[in-house]
>>> print(open('run_23.pdb').read())   # PDB, C-alpha atoms
MODEL        1
ATOM      1  CA  MET A 101     -19.232  39.504-107.220
ATOM      2  CA  GLY A 102     -17.577  36.816-105.059
ATOM      3  CA  GLY A 103     -19.863  34.292-103.446
ATOM      4  CA  LEU A 104     -22.464  33.943-106.189
ATOM      5  CA  PRO A 105     -22.667  30.619-108.034
ATOM      6  CA  THR A 106     -20.701  31.063-111.240
ATOM      7  CA  ASN A 107     -22.106  30.683-114.736
ATOM      8  CA  ARG A 108     -25.639  30.558-113.385
ATOM      9  CA  THR A 109     -28.659  32.636-114.276
ATOM     10  CA  VAL A 110     -29.624  35.475-111.963
ATOM     11  CA  ASN A 111     -33.372  35.928-112.260
ATOM     12  CA  GLY A 112     -34.175  38.761-109.875
ATOM     13  CA  PHE A 113     -32.513  41.656-108.082
ATOM     14  CA  ALA A 114     -33.497  44.094-105.341
ATOM     15  CA  VAL A 115     -31.579  46.810-103.569
ATOM     16  CA  VAL A 116     -31.950  48.999-100.508
ATOM     17  CA  ASP A 117     -29.573  51.347 -98.761
ATOM     18  CA  PRO A 118     -27.930  51.054-101.589
ATOM     19  CA  LYS A 119     -25.261  48.681-100.331
ATOM     20  CA  ILE A 120     -27.673  45.927 -99.330
ATOM     21  CA  MET A 121     -28.666  43.803-102.303
ATOM     22  CA  TYR A 122     -30.476  40.534-102.900
ATOM     23  CA  VAL A 123     -30.439  38.299-105.962
ATOM     24  CA  ALA A 124     -32.933  35.560-106.718
ATOM     25  CA  MET A 125     -31.602  32.459-108.443
ATOM     26  CA  ARG A 126     -32.582  28.872-109.087
ATOM     27  CA  ASP A 127     -29.969  28.053-106.421
ATOM     28  CA  GLY A 128     -31.691  30.251-103.840
ATOM     29  CA  LEU A 129     -31.505  33.760-102.406
ATOM     30  CA  PHE A 130     -28.186  35.560-101.995
ATOM     31  CA  LYS A 131     -27.492  38.770-100.080
ATOM     32  CA  SER A 132     -24.707  41.316-100.274
ATOM     33  CA  THR A 133     -24.060  44.046 -97.707
ATOM     34  CA  ASP A 134     -21.183  45.650 -99.626
ATOM     35  CA  ALA A 135     -22.827  46.734-102.879
ATOM     36  CA  GLY A 136     -22.318  43.389-104.572
ATOM     37  CA  GLU A 137     -18.625  42.808-103.890
ATOM     38  CA  THR A 138     -19.327  39.687-101.813
ATOM     39  CA  TRP A 139     -22.440  37.532-101.450
ATOM     40  CA  LYS A 140     -23.733  35.016 -98.957
ATOM     41  CA  ARG A 141     -26.627  32.666 -99.311
ATOM     42  CA  THR A 142     -29.599  33.503 -97.126
ATOM     43  CA  GLY A 143     -33.129  32.208 -96.997
ATOM     44  CA  GLY A 144     -32.396  28.639 -95.901
ATOM     45  CA  GLU A 145     -33.862  26.098 -98.258
ATOM     46  CA  LEU A 146     -35.529  28.568-100.631
ATOM     47  CA  LYS A 147     -34.917  27.479-104.226
ATOM     48  CA  ASN A 148     -36.089  28.069-107.795
ATOM     49  CA  LEU A 149     -36.537  31.792-107.175
ATOM     50  CA  ALA A 150     -37.763  34.065-109.924
ATOM     51  CA  ALA A 151     -37.984  37.445-108.231
ATOM     52  CA  VAL A 152     -37.280  39.399-105.053
ATOM     53  CA  ALA A 153     -38.612  42.719-103.735
ATOM     54  CA  ILE A 154     -38.026  44.897-100.668
ATOM     55  CA  ASN A 155     -40.649  47.006 -98.948
ATOM     56  CA  PRO A 156     -39.311  50.570 -99.314
ATOM     57  CA  LYS A 157     -41.024  51.594 -96.063
ATOM     58  CA  LYS A 158     -39.763  48.563 -94.123
ATOM     59  CA  PRO A 159     -36.355  47.596 -95.558
ATOM     60  CA  ASN A 160     -36.207  44.409 -93.467
ATOM     61  CA  GLU A 161     -39.390  43.153 -95.143
ATOM     62  CA  VAL A 162     -38.334  41.056 -98.126
ATOM     63  CA  TYR A 163     -40.525  39.069-100.513
ATOM     64  CA  VAL A 164     -39.524  36.350-102.948
ATOM     65  CA  ALA A 165     -41.498  34.495-105.582
ATOM     66  CA  THR A 166     -40.638  31.048-106.849
ATOM     67  CA  MET A 167     -40.819  30.392-110.552
ATOM     68  CA  ASP A 168     -44.126  28.590-110.108
ATOM     69  CA  GLY A 169     -45.709  31.362-108.062
ATOM     70  CA  LYS A 170     -45.208  30.584-104.389
ATOM     71  CA  ILE A 171     -44.646  33.694-102.271
ATOM     72  CA  TYR A 172     -42.445  33.833 -99.157
ATOM     73  CA  MET A 173     -41.890  36.799 -96.845
ATOM     74  CA  SER A 174     -39.157  37.612 -94.368
ATOM     75  CA  ALA A 175     -39.631  40.341 -91.751
ATOM     76  CA  ASP A 176     -36.017  40.214 -90.573
ATOM     77  CA  ALA A 177     -33.970  40.939 -93.697
ATOM     78  CA  GLY A 178     -33.824  37.396 -94.936
ATOM     79  CA  MET A 179     -33.152  35.331 -91.815
ATOM     80  CA  LYS A 180     -36.524  33.642 -91.289
ATOM     81  CA  TRP A 181     -39.100  33.032 -94.009
ATOM     82  CA  LYS A 182     -42.774  32.299 -94.020
ATOM     83  CA  LYS A 183     -44.713  30.906 -96.951
ATOM     84  CA  GLN A 184     -47.617  33.115 -97.830
ATOM     85  CA  GLN A 185     -49.178  31.154-100.629
TER      86      GLN A 185
ATOM     87  CA  MET B  76     -72.985  13.637 -99.612
ATOM     88  CA  LYS B  77     -73.622  16.801-101.591
ATOM     89  CA  ARG B  78     -73.469  18.827 -98.404
ATOM     90  CA  ARG B  79     -70.107  17.255 -97.473
ATOM     91  CA  LEU B  80     -68.730  18.035-100.943
ATOM     92  CA  TYR B  81     -69.946  21.620-100.723
ATOM     93  CA  LEU B  82     -68.288  22.012 -97.324
ATOM     94  CA  GLY B  83     -65.038  20.615 -98.751
ATOM     95  CA  VAL B  84     -65.089  23.131-101.589
ATOM     96  CA  LEU B  85     -65.745  25.958 -99.143
ATOM     97  CA  ILE B  86     -62.784  24.928 -96.982
ATOM     98  CA  ALA B  87     -60.507  24.561-100.020
ATOM     99  CA  VAL B  88     -61.493  28.002-101.291
ATOM    100  CA  ALA B  89     -61.076  29.621 -97.882
ATOM    101  CA  PHE B  90     -57.477  28.408 -97.581
ATOM    102  CA  ASN B  91     -56.387  28.916-101.185
ATOM    103  CA  PRO B  92     -56.668  32.420-102.622
ATOM    104  CA  VAL B  93     -56.014  31.190-106.149
ATOM    105  CA  LEU B  94     -58.943  28.813-105.931
ATOM    106  CA  LEU B  95     -60.933  31.785-104.704
ATOM    107  CA  PHE B  96     -60.103  33.625-107.932
ATOM    108  CA  ALA B  97     -61.231  30.632-109.907
ATOM    109  CA  ALA B  98     -64.410  30.442-107.888
ATOM    110  CA  GLN B  99     -65.090  34.119-108.539
ATOM    111  CA  GLY B 100     -64.353  33.776-112.210
ATOM    112  CA  ASN B 101     -61.643  36.384-112.035
ATOM    113  CA  TYR B 102     -58.793  34.031-112.619
ATOM    114  CA  THR B 103     -58.988  30.501-113.895
ATOM    115  CA  THR B 104     -55.556  29.058-114.632
ATOM    116  CA  GLY B 105     -54.426  25.986-112.742
ATOM    117  CA  GLY B 106     -51.655  25.344-110.211
ATOM    118  CA  THR B 107     -50.668  28.462-108.355
ATOM    119  CA  GLY B 108     -52.344  30.495-111.059
ATOM    120  CA  PHE B 109     -49.467  32.698-112.161
ATOM    121  CA  GLU B 110     -47.655  30.113-114.288
ATOM    122  CA  HIS B 111     -44.161  31.521-114.814
ATOM    123  CA  VAL B 112     -43.345  34.433-112.467
ATOM    124  CA  HIS B 113     -40.957  37.111-113.736
ATOM    125  CA  ALA B 114     -41.067  40.093-111.391
ATOM    126  CA  LEU B 115     -42.108  41.532-108.038
ATOM    127  CA  GLY B 116     -42.405  45.199-107.083
ATOM    128  CA  ILE B 117     -43.718  47.211-104.134
ATOM    129  CA  ASP B 118     -45.123  50.730-104.425
ATOM    130  CA  ALA B 119     -43.371  53.647-102.721
ATOM    131  CA  ASP B 120     -45.819  53.590 -99.804
ATOM    132  CA  GLY B 121     -45.083  49.923 -99.137
ATOM    133  CA  ARG B 122     -48.753  49.020 -99.390
ATOM    134  CA  THR B 123     -49.175  47.226-102.699
ATOM    135  CA  LEU B 124     -47.192  44.204-103.861
ATOM    136  CA  PHE B 125     -47.272  43.738-107.632
ATOM    137  CA  LEU B 126     -46.410  40.449-109.334
ATOM    138  CA  GLY B 127     -45.599  40.089-113.024
ATOM    139  CA  ALA B 128     -46.054  36.725-114.689
ATOM    140  CA  HIS B 129     -46.684  34.926-117.925
ATOM    141  CA  THR B 130     -50.370  35.348-117.191
ATOM    142  CA  GLY B 131     -50.267  39.111-116.618
ATOM    143  CA  LEU B 132     -50.027  41.574-113.759
ATOM    144  CA  PHE B 133     -51.411  40.954-110.255
ATOM    145  CA  ARG B 134     -51.657  43.051-107.099
ATOM    146  CA  ARG B 135     -52.087  42.410-103.408
ATOM    147  CA  GLU B 136     -52.853  45.055-100.786
ATOM    148  CA  ASN B 137     -51.494  45.674 -97.274
ATOM    149  CA  GLY B 138     -49.915  42.288 -96.699
ATOM    150  CA  GLY B 139     -53.123  40.474 -97.533
ATOM    151  CA  ARG B 140     -53.191  37.113 -99.225
ATOM    152  CA  SER B 141     -55.712  37.591-101.976
ATOM    153  CA  TRP B 142     -54.437  38.596-105.400
ATOM    154  CA  GLN B 143     -56.347  40.629-107.927
ATOM    155  CA  LYS B 144     -55.567  40.512-111.597
ATOM    156  CA  VAL B 145     -54.838  44.002-112.908
ATOM    157  CA  ALA B 146     -56.772  45.097-115.964
ATOM    158  CA  LEU B 147     -54.417  46.254-118.703
ATOM    159  CA  PRO B 148     -55.237  48.003-121.993
ATOM    160  CA  ALA B 149     -57.325  45.915-124.372
ATOM    161  CA  SER B 150     -54.626  45.980-127.049
ATOM    162  CA  ALA B 151     -52.404  44.091-124.627
ATOM    163  CA  SER B 152     -54.841  42.066-122.580
ATOM    164  CA  HIS B 153     -52.641  38.948-122.339
ATOM    165  CA  LEU B 154     -49.333  40.483-121.392
ATOM    166  CA  ASP B 155     -46.306  38.509-120.322
ATOM    167  CA  VAL B 156     -45.140  40.964-117.657
ATOM    168  CA  MET B 157     -41.350  40.878-117.407
ATOM    169  CA  ALA B 158     -40.550  43.925-115.228
ATOM    170  CA  ILE B 159     -42.239  46.028-112.534
ATOM    171  CA  THR B 160     -40.717  49.354-111.539
ATOM    172  CA  PRO B 161     -42.520  51.517-108.995
ATOM    173  CA  ASP B 162     -41.442  55.167-108.854
ATOM    174  CA  PRO B 163     -39.649  55.422-105.474
ATOM    175  CA  LYS B 164     -40.851  58.999-104.974
ATOM    176  CA  ASN B 165     -44.460  58.695-106.114
ATOM    177  CA  SER B 166     -46.570  55.769-104.989
ATOM    178  CA  LYS B 167     -49.099  56.399-107.756
ATOM    179  CA  THR B 168     -46.595  55.927-110.578
ATOM    180  CA  ILE B 169     -45.777  52.387-111.681
ATOM    181  CA  TYR B 170     -44.004  51.204-114.834
ATOM    182  CA  ILE B 171     -44.154  47.691-116.239
ATOM    183  CA  GLY B 172     -42.221  46.089-119.085
ATOM    184  CA  ALA B 173     -43.900  43.443-121.199
ATOM    185  CA  HIS B 174     -42.906  40.825-123.721
ATOM    186  CA  GLU B 175     -44.839  42.197-126.678
ATOM    187  CA  ALA B 176     -46.167  45.568-125.558
ATOM    188  CA  GLY B 177     -43.106  47.549-124.490
ATOM    189  CA  VAL B 178     -43.463  49.867-121.522
ATOM    190  CA  LEU B 179     -46.752  50.652-119.813
ATOM    191  CA  LYS B 180     -47.207  53.383-117.211
ATOM    192  CA  SER B 181     -49.820  53.960-114.564
ATOM    193  CA  ALA B 182     -50.142  57.341-112.868
ATOM    194  CA  ASP B 183     -52.980  56.318-110.559
ATOM    195  CA  GLY B 184     -51.526  53.478-108.535
ATOM    196  CA  GLY B 185     -52.156  50.781-111.124
ATOM    197  CA  VAL B 186     -55.810  51.439-111.923
ATOM    198  CA  THR B 187     -55.319  52.638-115.505
ATOM    199  CA  TRP B 188     -52.402  52.069-117.857
ATOM    200  CA  LYS B 189     -51.112  53.372-121.154
ATOM    201  CA  GLU B 190     -48.325  52.267-123.478
ATOM    202  CA  ILE B 191     -45.399  54.702-123.630
ATOM    203  CA  ASN B 192     -43.230  53.379-126.443
ATOM    204  CA  SER B 193     -42.380  56.473-128.460
ATOM    205  CA  GLY B 194     -38.770  56.064-129.630
ATOM    206  CA  LEU B 195     -38.349  52.427-128.547
ATOM    207  CA  GLY B 196     -36.869  50.253-131.298
ATOM    208  CA  GLY B 197     -38.772  47.185-130.139
ATOM    209  CA  VAL B 198     -41.455  46.094-127.710
ATOM    210  CA  ASP B 199     -39.815  43.129-125.957
ATOM    211  CA  VAL B 200     -38.977  44.981-122.738
ATOM    212  CA  HIS B 201     -37.291  42.932-120.005
ATOM    213  CA  GLY B 202     -36.230  45.685-117.624
ATOM    214  CA  ILE B 203     -36.978  49.240-116.552
ATOM    215  CA  ALA B 204     -34.658  51.135-114.220
ATOM    216  CA  ILE B 205     -35.544  54.385-112.506
ATOM    217  CA  ASP B 206     -32.894  56.717-111.130
ATOM    218  CA  PRO B 207     -33.909  57.465-107.523
ATOM    219  CA  ASN B 208     -32.329  60.919-107.753
ATOM    220  CA  ASP B 209     -34.000  62.448-110.786
ATOM    221  CA  GLY B 210     -36.512  59.868-112.044
ATOM    222  CA  LYS B 211     -34.608  59.255-115.261
ATOM    223  CA  LEU B 212     -35.630  55.948-116.873
ATOM    224  CA  HIS B 213     -33.680  53.256-118.704
ATOM    225  CA  ALA B 214     -35.522  50.477-120.538
ATOM    226  CA  LEU B 215     -33.909  47.270-121.720
ATOM    227  CA  VAL B 216     -35.206  46.001-125.058
ATOM    228  CA  ARG B 217     -34.407  42.521-126.367
ATOM    229  CA  ASP B 218     -34.575  41.043-129.863
ATOM    230  CA  LYS B 219     -35.761  43.669-132.386
ATOM    231  CA  GLY B 220     -34.187  47.035-131.555
ATOM    232  CA  GLU B 221     -32.099  45.442-128.779
ATOM    233  CA  GLY B 222     -30.380  47.877-126.443
ATOM    234  CA  ILE B 223     -30.847  50.292-123.577
ATOM    235  CA  TYR B 224     -33.106  53.287-124.084
ATOM    236  CA  ARG B 225     -33.254  56.394-121.905
ATOM    237  CA  SER B 226     -36.137  58.705-121.121
ATOM    238  CA  THR B 227     -35.818  61.925-119.160
ATOM    239  CA  ASN B 228     -39.509  62.804-119.261
ATOM    240  CA  GLY B 229     -41.222  59.889-117.566
ATOM    241  CA  GLY B 230     -41.338  57.714-120.672
ATOM    242  CA  GLY B 231     -42.748  60.358-123.011
ATOM    243  CA  LYS B 232     -39.825  59.830-125.391
ATOM    244  CA  TRP B 233     -37.093  57.185-125.501
ATOM    245  CA  ILE B 234     -33.624  57.481-127.035
ATOM    246  CA  ARG B 235     -31.311  54.498-127.591
ATOM    247  CA  VAL B 236     -28.106  55.038-125.595
ATOM    248  CA  ASP B 237     -26.301  51.677-125.458
ATOM    249  CA  ASP B 238     -26.178  48.122-126.780
ATOM    250  CA  GLY B 239     -26.783  46.776-123.261
ATOM    251  CA  PRO B 240     -25.306  43.619-121.742
ATOM    252  CA  GLY B 241     -26.655  41.417-124.557
ATOM    253  CA  GLY B 242     -27.815  37.827-124.273
ATOM    254  CA  GLU B 243     -30.515  36.687-121.928
ATOM    255  CA  VAL B 244     -31.085  39.700-119.677
ATOM    256  CA  LYS B 245     -33.632  39.337-116.874
ATOM    257  CA  GLY B 246     -33.975  42.927-115.683
ATOM    258  CA  LEU B 247     -32.446  46.357-115.227
ATOM    259  CA  TYR B 248     -32.060  48.330-111.990
ATOM    260  CA  SER B 249     -30.613  51.738-111.092
ATOM    261  CA  VAL B 250     -28.505  51.616-107.960
ATOM    262  CA  ASN B 251     -27.658  54.872-106.239
ATOM    263  CA  ILE B 252     -23.905  54.393-106.149
ATOM    264  CA  SER B 253     -21.921  57.184-107.747
ATOM    265  CA  THR B 254     -19.678  56.182-110.632
ATOM    266  CA  GLY B 255     -17.494  59.242-110.141
ATOM    267  CA  MET B 256     -18.270  60.177-113.737
ATOM    268  CA  GLY B 257     -21.539  61.968-113.182
ATOM    269  CA  GLY B 258     -23.881  59.011-113.095
ATOM    270  CA  ILE B 259     -24.854  55.985-111.062
ATOM    271  CA  PHE B 260     -24.723  52.244-111.788
ATOM    272  CA  LEU B 261     -27.123  50.053-113.671
ATOM    273  CA  TYR B 262     -27.319  46.421-112.497
ATOM    274  CA  ALA B 263     -28.622  43.663-114.749
ATOM    275  CA  PRO B 264     -29.379  40.079-113.739
ATOM    276  CA  THR B 265     -28.512  37.876-116.695
ATOM    277  CA  ALA B 266     -28.019  34.246-117.702
ATOM    278  CA  GLU B 267     -24.296  34.851-117.152
ATOM    279  CA  GLY B 268     -24.674  36.270-113.654
ATOM    280  CA  LEU B 269     -25.140  39.783-112.276
ATOM    281  CA  LYS B 270     -23.605  42.545-114.393
ATOM    282  CA  ARG B 271     -23.205  46.255-113.773
ATOM    283  CA  ASN B 272     -22.300  49.281-115.841
ATOM    284  CA  PRO B 273     -22.214  53.065-115.324
ATOM    285  CA  ASP B 274     -25.386  54.702-116.648
ATOM    286  CA  CYS B 275     -23.557  57.734-118.075
ATOM    287  CA  PHE B 276     -23.552  56.418-121.651
TER     288      PHE B 276
ENDMDL
END
>>> encode(input="run_23.pdb", output="structure tokens")
Amino acid sequence: MGGLPTNRTVNGFAVVDPKIMYVAMRDGLFKSTDAGETWKRTGGELKNLAAVAINPKKPNEVYVATMDGKIYMSADAGMKWKKQQ
Amino acid sequence: MKRRLYLGVLIAVAFNPVLLFAAQGNYTTGGTGFEHVHALGIDADGRTLFLGAHTGLFRRENGGRSWQKVALPASASHLDVMAITPDPKNSKTIYIGAHEAGVLKSADGGVTWKEINSGLGGVDVHGIAIDPNDGKLHALVRDKGEGIYRSTNGGGKWIRVDDGPGGEVKGLYSVNISTGMGGIFLYAPTAEGLKRNPDCF
């Protein structure tokens, strides 16, 4: 699990592939491409995340929700994000 | 002056779907409307985005921006929805886990719901995992009856199989990675980080 902030709460999780995983944390969004062995932060300045989901028909389409209910969507597997609400 | 105010309200409503709910009387809480968000889930067809929050369950269709509050059984009309688990092989089947109502299942794409708690030791459900291979379910119960429960018949009957990760667990997910022991892995986001364990208890 290298690369995730230590001793911090993980709020949300989503998986596709199944090696590609995302976790939603207060610190932001983190992505693994090796089934969780290593993680890198993605999603730029996104913070205070409560949940993450992947469109099963379009695996590059990723949604996150902040704890207070703002929704962001990425159409390119987490590189660029657009606020939806 | 009244006309200008009316126009302002119309513009505000047009650009804020939550205000639109309030205006329609469907949804009246303040701020973003959801209060504390716990979960997101997308149906197997990729058409419906579900959101679970302190204020209940919401849905949004086809990438649209307007949310509808989902009507849940009267006995649990104010659910704190902690988990959303769409069946990956059947877009009509959705499971949710709730703070005080256990597991609810919809077999019609989220239109109607029923509680499926037979065998659960408690009703504070924070996670539901579905095995993408055979549809086997694992539910994570906190507080009373804490542990992981398994169902092999779509939630018709649950059997406690493990103590679970313990502590403040935020969810439970089946990941299709073979353990080499006849099962796959369960992943659990927790207050102590992301944990995983083979599901062959």
>>> closest_residue(input="run_23.pdb", among="B:Asp162, B:Asp155, B:Asp183, B:Asp238", to="chain A", atoms="only C-alpha atoms")
B:Asp162
>>> residues_near_point(input="run_23.pdb", point="(-48.8, 34.0, -101.0)", cutoff="7 Å", atoms="only C-alpha atoms", output="list in words")
Lys170, Ile171, Tyr172, Lys183, Gln184 and Gln185 of chain A; Arg140 of chain B
>>> closest_atom_pairs(input="run_23.pdb", of="chain A", to="chain B", cutoff="10 Å", atoms="all atoms listed in the file", output="CSV")
residue,atom,partner,partner_atom,distance
A:Met101,CA,B:Leu269,CA,7.8
A:Leu104,CA,B:Gly268,CA,8.1
A:Pro105,CA,B:Gly268,CA,8.2
A:Thr106,CA,B:Gly268,CA,7.0
A:Asn107,CA,B:Glu267,CA,5.3
A:Arg108,CA,B:Gly268,CA,5.8
A:Thr109,CA,B:Ala266,CA,3.8
A:Val110,CA,B:Pro264,CA,4.9
A:Asn111,CA,B:Lys245,CA,5.7
A:Gly112,CA,B:Pro264,CA,6.3
A:Phe113,CA,B:Pro264,CA,6.7
A:Ala114,CA,B:Tyr248,CA,8.0
A:Val115,CA,B:Val250,CA,7.2
A:Val116,CA,B:Val250,CA,8.6
A:Asp117,CA,B:Asn251,CA,8.5
A:Pro118,CA,B:Asn251,CA,6.0
A:Lys119,CA,B:Ile252,CA,8.3
A:Met121,CA,B:Val250,CA,9.6
A:Val123,CA,B:Pro264,CA,8.0
A:Ala124,CA,B:Pro264,CA,9.1
A:Met125,CA,B:Gly268,CA,9.5
A:Ala135,CA,B:Ile252,CA,8.4
A:Gly136,CA,B:Leu269,CA,9.0
A:Leu149,CA,B:Val112,CA,9.0
A:Ala150,CA,B:His113,CA,5.8
A:Ala151,CA,B:Ala114,CA,5.1
A:Val152,CA,B:Leu115,CA,6.1
A:Ala153,CA,B:Gly116,CA,5.6
A:Ile154,CA,B:Ile117,CA,7.1
A:Asn155,CA,B:Gly121,CA,5.3
A:Pro156,CA,B:Gly121,CA,5.8
A:Lys157,CA,B:Gly121,CA,5.4
A:Lys158,CA,B:Gly121,CA,7.4
A:Pro159,CA,B:Gly121,CA,9.7
A:Glu161,CA,B:Gly121,CA,9.7
A:Tyr163,CA,B:Leu115,CA,8.1
A:Val164,CA,B:Leu115,CA,7.7
A:Ala165,CA,B:Val112,CA,7.1
A:Thr166,CA,B:Val112,CA,7.1
A:Met167,CA,B:Val112,CA,5.1
A:Asp168,CA,B:His111,CA,5.5
A:Gly169,CA,B:Phe109,CA,5.7
A:Lys170,CA,B:Thr107,CA,7.1
A:Ile171,CA,B:Arg140,CA,9.7
A:Met173,CA,B:Gly138,CA,9.7
A:Gln184,CA,B:Arg140,CA,7.0
A:Gln185,CA,B:Arg140,CA,7.3
>>> resolve_selection(input="run_23.pdb", expression="the PyMOL selection byres ((chain B and resi 194) around 7)", output="ChimeraX atom specification")
/B:192-193,195-196,232-234
>>> resolve_selection(input="run_23.pdb", expression="the PyMOL selection byres ((chain A and resi 147) around 6)", output="VMD selection string")
chain A and resid 126 to 128 146 148 to 149
>>> residues_around(input="run_23.pdb", residues="Ala146 in chain B", least_positions_apart="5", cutoff="10 Å", atoms="all atoms listed in the file", output="PDB file with C-alpha atoms, keeping the file's coordinate frame")
ATOM      1  CA  GLY B 131     -50.267  39.111-116.618  1.00  0.00           C
ATOM      2  CA  LEU B 132     -50.027  41.574-113.759  1.00  0.00           C
ATOM      3  CA  PHE B 133     -51.411  40.954-110.255  1.00  0.00           C
ATOM      4  CA  ALA B 151     -52.404  44.091-124.627  1.00  0.00           C
ATOM      5  CA  SER B 152     -54.841  42.066-122.580  1.00  0.00           C
ATOM      6  CA  HIS B 153     -52.641  38.948-122.339  1.00  0.00           C
ATOM      7  CA  GLY B 185     -52.156  50.781-111.124  1.00  0.00           C
ATOM      8  CA  VAL B 186     -55.810  51.439-111.923  1.00  0.00           C
ATOM      9  CA  THR B 187     -55.319  52.638-115.505  1.00  0.00           C
ATOM     10  CA  TRP B 188     -52.402  52.069-117.857  1.00  0.00           C
TER      11      TRP B 188
END
>>> resolve_selection(input="run_23.pdb", expression="the PyMOL selection byres ((chain B and resi 274) around 7)", output="PyMOL selection string")
chain B and resi 258-261+272-273+275-276
>>> residues_near_point(input="run_23.pdb", point="(-24.9, 33.4, -102.8)", cutoff="7 Å", atoms="all atoms listed in the file", output="list in words")
Gly103, Leu104, Pro105, Leu129, Phe130, Lys131, Trp139, Lys140 and Arg141 of chain A
>>> atom_distance(input="run_23.pdb", atom1="CA of Asp199 in chain B", atom2="CA of Pro240 in chain B")
15.1 Å
>>> axis_aligned_box(input="run_23.pdb", around="range 236-250 of chain B", padding_each_side="8 Å", output="JSON")
{"center_x": -29.6, "center_y": 45.9, "center_z": -117.4, "size_x": 24.7, "size_y": 34.4, "size_z": 34.8}
>>> atom_distance(input="run_23.pdb", atom1="CA of Ala204 in chain B", atom2="CA of Val145 in chain B")
21.4 Å
>>> atom_distance(input="run_23.pdb", atom1="CA of Ala173 in chain B", atom2="CA of Gln143 in chain B")
18.4 Å
>>> decode(input="run_23.pdb", residues="range 149-183 of chain A", atoms="C-alpha atoms", output="short mmCIF file (atom, residue, chain, number, x, y, z; two decimals), in the first residue's frame")
data_model
loop_
_atom_site.label_atom_id
_atom_site.label_comp_id
_atom_site.auth_asym_id
_atom_site.auth_seq_id
_atom_site.Cartn_x
_atom_site.Cartn_y
_atom_site.Cartn_z
CA LEU A 149 -13.46 13.31 -0.73
CA ALA A 150 -16.10 10.98 0.61
CA ALA A 151 -16.68 8.58 -2.25
CA VAL A 152 -15.54 7.51 -5.71
CA ALA A 153 -17.23 5.46 -8.45
CA ILE A 154 -16.29 4.21 -11.92
CA ASN A 155 -18.67 3.83 -14.83
CA PRO A 156 -18.57 0.09 -15.59
CA LYS A 157 -19.33 0.77 -19.27
CA LYS A 158 -16.71 3.52 -19.58
CA PRO A 159 -13.84 2.68 -17.20
CA ASN A 160 -12.13 6.03 -17.83
CA GLU A 161 -15.21 7.85 -16.51
CA VAL A 162 -14.66 8.44 -12.80
CA TYR A 163 -16.88 10.33 -10.35
CA VAL A 164 -16.02 11.64 -6.91
CA ALA A 165 -18.16 13.26 -4.24
CA THR A 166 -16.85 15.61 -1.60
CA MET A 167 -18.05 15.18 1.94
CA ASP A 168 -20.39 18.14 1.54
CA GLY A 169 -21.91 16.89 -1.70
CA LYS A 170 -20.03 18.44 -4.59
CA ILE A 171 -19.68 16.10 -7.57
CA TYR A 172 -16.71 16.05 -9.96
CA MET A 173 -16.27 13.89 -13.06
CA SER A 174 -13.21 12.86 -15.03
CA ALA A 175 -13.53 11.39 -18.53
CA ASP A 176 -9.84 10.49 -18.78
CA ALA A 177 -9.23 8.18 -15.81
CA GLY A 178 -8.52 10.88 -13.31
CA MET A 179 -6.31 13.35 -15.18
CA LYS A 180 -8.72 16.26 -15.71
CA TRP A 181 -11.77 16.98 -13.58
CA LYS A 182 -14.88 19.00 -14.06
CA LYS A 183 -17.21 20.12 -11.30
#
